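Visitor: Here it is, the structure in full.
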Amino acid sequence: MKIAIINGPNLNLLGKREPGIYGSQSFDEYFEILKQQYPQVDLHYYQSNVEGELVNEIQRVGFDYDGIIMNPAAYTHTSVAIGDAIAAIKTPVVEVHISNVHAREEFRKLSHVSAKAAGSIIGLGLKGYELALQYLLSRK
Ligand code: DQA
């Protein structure tokens, strides 16, 4: 089973970035643990701060991978292009947000991704990625 995790802008700074909101673990550390916990899954990780690169990656993995776990970060709230890319592909996408976007600023309540995603996991910290993975595994 081939699963892609795609993270959007500033998530390369997890662990250093606003730890009160996003925690103190880096994504690389978390990803290593996740790979050890799910050795049966062919897990791939991609991060970019650039909108078009994220669209390219969605298109690249979106027809032969079994699932995508995506945290589009700030582009969630602004990017019609990422929403359109998710609608265009065959692979199911689970949207993940580390923080509870509904308990924060008003502009974070809008998602261009939620309506195109299989579902969304919001506000459960990094654990959300593992829960998304478990969901994708359960579909097979
Ligand atoms: C985020 C929430 C977004 O509003 C924010 O811009 C992020 C991270 C989250 O994981 O909680 O960068 O997607």
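By order in the structure tokens, chains are A, B, ...; within a chain, residues start at 1; ligands start at 1, following the order shown.
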Using only C-alpha atoms and all ligand atoms, which residues have at least one atom no more than 9 Å from ligand 1? Output them as a list in words.
Guide: Asn7, Gly8, Pro9, Asn10, Leu11, Ile21, Tyr22, Asn71, Pro72, Ala73, Ala74, Tyr75, Thr76, His77, Val96, His97, Ile98, Ser99, Asn100, Val101, Arg104, Glu105, Phe107, Arg108, Lys109, Ile122, Gly123, Gly125 and Leu126 of chain A
Visitor: List the spatial neighbours of A:Asn56 as a list in words - criterion: any atom at most 12 Å away, only C-alpha atoms, same-chain residues fewer than 4 positions off excluded.
Guide: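 My reading of the contact set: Ile6, Tyr46, Gln47, Ser48, Val50, Glu51, Gly52, Arg60, Val61, Gly62, Ala81, Ile82, Asp84, Ala85, Ile86, Ala88 and Ile89 of chain A.
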Visitor: With N, CA and C atoms kept, could you save the residues just selected as a PDB file, in the first residue's frame?
Guide:
ATOM      1  N   ILE A   6       1.553  14.845   2.356  1.00  0.00           N
ATOM      2  CA  ILE A   6       1.953  16.115   1.722  1.00  0.00           C
ATOM      3  C   ILE A   6       1.678  17.251   2.706  1.00  0.00           C
ATOM      4  N   TYR A  46       6.345  14.487   1.452  1.00  0.00           N
ATOM      5  CA  TYR A  46       6.734  15.641   0.633  1.00  0.00           C
ATOM      6  C   TYR A  46       6.259  16.904   1.341  1.00  0.00           C
ATOM      7  N   GLN A  47       7.116  17.910   1.369  1.00  0.00           N
ATOM      8  CA  GLN A  47       6.715  19.208   1.930  1.00  0.00           C
ATOM      9  C   GLN A  47       7.186  20.294   0.989  1.00  0.00           C
ATOM     10  N   SER A  48       6.345  21.324   0.809  1.00  0.00           N
ATOM     11  CA  SER A  48       6.775  22.489   0.044  1.00  0.00           C
ATOM     12  C   SER A  48       6.107  23.734   0.601  1.00  0.00           C
ATOM     13  N   VAL A  50       5.627  26.149  -1.552  1.00  0.00           N
ATOM     14  CA  VAL A  50       5.236  26.770  -2.829  1.00  0.00           C
ATOM     15  C   VAL A  50       3.946  26.115  -3.353  1.00  0.00           C
ATOM     16  N   GLU A  51       2.946  26.920  -3.592  1.00  0.00           N
ATOM     17  CA  GLU A  51       1.617  26.411  -3.970  1.00  0.00           C
ATOM     18  C   GLU A  51       1.665  25.510  -5.213  1.00  0.00           C
ATOM     19  N   GLY A  52       2.319  25.991  -6.281  1.00  0.00           N
ATOM     20  CA  GLY A  52       2.347  25.222  -7.538  1.00  0.00           C
ATOM     21  C   GLY A  52       3.073  23.892  -7.375  1.00  0.00           C
ATOM     22  N   ARG A  60       1.115  14.282  -9.307  1.00  0.00           N
ATOM     23  CA  ARG A  60       2.097  13.204  -9.502  1.00  0.00           C
ATOM     24  C   ARG A  60       1.660  11.913  -8.811  1.00  0.00           C
ATOM     25  N   VAL A  61       1.167  12.049  -7.556  1.00  0.00           N
ATOM     26  CA  VAL A  61       0.833  10.836  -6.780  1.00  0.00           C
ATOM     27  C   VAL A  61      -0.650  10.473  -6.899  1.00  0.00           C
ATOM     28  N   GLY A  62      -1.433  11.343  -7.512  1.00  0.00           N
ATOM     29  CA  GLY A  62      -2.888  11.241  -7.401  1.00  0.00           C
ATOM     30  C   GLY A  62      -3.574  10.198  -8.249  1.00  0.00           C
ATOM     31  N   ALA A  81      -6.576  26.402  -6.363  1.00  0.00           N
ATOM     32  CA  ALA A  81      -5.788  25.463  -7.190  1.00  0.00           C
ATOM     33  C   ALA A  81      -5.572  24.127  -6.468  1.00  0.00           C
ATOM     34  N   ILE A  82      -5.318  24.163  -5.176  1.00  0.00           N
ATOM     35  CA  ILE A  82      -5.121  22.903  -4.439  1.00  0.00           C
ATOM     36  C   ILE A  82      -6.455  22.167  -4.311  1.00  0.00           C
ATOM     37  N   ASP A  84      -8.907  22.307  -6.453  1.00  0.00           N
ATOM     38  CA  ASP A  84      -9.175  21.771  -7.798  1.00  0.00           C
ATOM     39  C   ASP A  84      -8.317  20.536  -8.078  1.00  0.00           C
ATOM     40  N   ALA A  85      -7.054  20.574  -7.641  1.00  0.00           N
ATOM     41  CA  ALA A  85      -6.162  19.418  -7.873  1.00  0.00           C
ATOM     42  C   ALA A  85      -6.696  18.191  -7.144  1.00  0.00           C
ATOM     43  N   ILE A  86      -7.181  18.381  -5.933  1.00  0.00           N
ATOM     44  CA  ILE A  86      -7.709  17.247  -5.160  1.00  0.00           C
ATOM     45  C   ILE A  86      -8.981  16.701  -5.829  1.00  0.00           C
ATOM     46  N   ALA A  88      -9.486  16.728  -8.955  1.00  0.00           N
ATOM     47  CA  ALA A  88      -9.126  16.179 -10.271  1.00  0.00           C
ATOM     48  C   ALA A  88      -8.552  14.761 -10.213  1.00  0.00           C
ATOM     49  N   ILE A  89      -8.042  14.371  -9.058  1.00  0.00           N
ATOM     50  CA  ILE A  89      -7.311  13.095  -8.979  1.00  0.00           C
ATOM     51  C   ILE A  89      -8.227  11.947  -8.566  1.00  0.00           C
TER      52      ILE A  89
END
Visitor: Per DSSP on the backbone, what are the alpha helix (DSSP H) residues of chain A, as a PyMOL selection string?
Guide: chain A and resi 19-22+27-37+51-61+80-88+127-139
Visitor: Quick check for you: according to DSSP on this backbone, which residues of chain A are classed as strand (DSSP E)? Reply as a ChimeraX atom specification.
Guide: /A:2-7,42-47,67-71,93-97,119-122
Visitor: Pull C-alpha atoms from the residues just selected and write them as a CSV table (one decimal), in the first residue's frame.
Guide:
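The file below, result-v3.csv, is the result:
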chain,number,residue,atom,x,y,z
A,2,LYS,CA,1.4,3.3,-1.1
A,3,ILE,CA,0.5,6.4,0.9
A,4,ALA,CA,1.7,10.0,0.4
A,5,ILE,CA,1.9,12.6,3.2
A,6,ILE,CA,2.0,16.1,1.7
A,7,ASN,CA,2.6,19.1,3.9
A,42,ASP,CA,5.1,2.3,1.6
A,43,LEU,CA,5.0,5.8,3.2
A,44,HIS,CA,6.2,8.9,1.3
A,45,TYR,CA,6.7,12.4,2.6
A,46,TYR,CA,6.7,15.6,0.6
A,47,GLN,CA,6.7,19.2,1.9
A,67,GLY,CA,-4.1,7.5,-0.4
A,68,ILE,CA,-2.9,11.0,0.3
A,69,ILE,CA,-2.8,12.6,3.8
A,70,MET,CA,-2.6,16.3,3.2
A,71,ASN,CA,-2.1,19.3,5.5
A,93,VAL,CA,-7.3,12.6,0.2
A,94,VAL,CA,-7.6,13.0,4.0
A,95,GLU,CA,-7.2,16.6,5.1
A,96,VAL,CA,-5.3,17.0,8.4
A,97,HIS,CA,-4.8,20.1,10.6
A,119,GLY,CA,-12.7,13.6,5.3
A,120,SER,CA,-10.9,15.9,7.6
A,121,ILE,CA,-9.1,15.4,10.9
A,122,ILE,CA,-8.8,18.6,12.8
Visitor: In Å, with one decimal, what is the gap from atom CA of A:Ser24 to atom CA of A:Leu124?
Guide: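 For atom CA of A:Ser24 relative to atom CA of A:Leu124, the distance reads 14.4 Å.
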Visitor: Just the number, please: distance in Å from atom CA of A:Tyr135 to atom CA of A:Pro92, one decimal.
Guide: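 Atom-to-atom, atom CA of A:Tyr135 and atom CA of A:Pro92 are spaced 10.7 Å apart.
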Visitor: When distances are computed from only C-alpha atoms, which of A:Ala117, A:Leu136, A:Pro19, A:Tyr129 shows the smallest separation from A:Lys35?
Guide: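 For A:Lys35, the nearest of the given residues is A:Tyr129.
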Visitor: Might you pull out every residue within 12 Å of A:Ser138, with only C-alpha atoms counted and same-chain residues fewer than 4 positions away left off, and present them as a list in words?
Guide: Met1, Asp66, Gly67, Leu131, Ala132, Leu133 and Gln134 of chain A
Visitor: Residues of the last selection are to be written out with C-alpha atoms, as a CSV table (one decimal), in the first residue's frame.
Guide:
chain,number,residue,atom,x,y,z
A,1,MET,CA,0.0,0.0,0.0
A,66,ASP,CA,-3.7,4.4,-2.5
A,67,GLY,CA,-4.1,7.5,-0.4
A,131,LEU,CA,-5.6,8.5,12.4
A,132,ALA,CA,-5.8,9.4,8.7
A,133,LEU,CA,-3.4,6.6,7.9
A,134,GLN,CA,-5.5,4.1,9.9
Visitor: Taking into account only C-alpha atoms, which residue in the set A:Glu53, A:Glu106, A:Asp64, A:Asp28 is nearest to A:Leu14?
Guide: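 Between A:Glu53, A:Glu106, A:Asp64, A:Asp28, the residue approaching A:Leu14 most closely is A:Asp28.
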Visitor: Skipping near chain neighbours, those fewer than 5 positions away, what residues fall within 7 Å of A:Gly15 using only C-alpha atoms, listed as a list of chain:residue names?
Guide: A:Gly23, A:Ser24, A:Gln25, A:Ser26
Visitor: Nearest to A:Val80 among A:Ile58, A:Leu13, A:Val113, A:Ala103, with distances taken over only C-alpha atoms: which residue is it?
Guide: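 Using only C-alpha atoms, the shortest distance to A:Val80 belongs to A:Val113.
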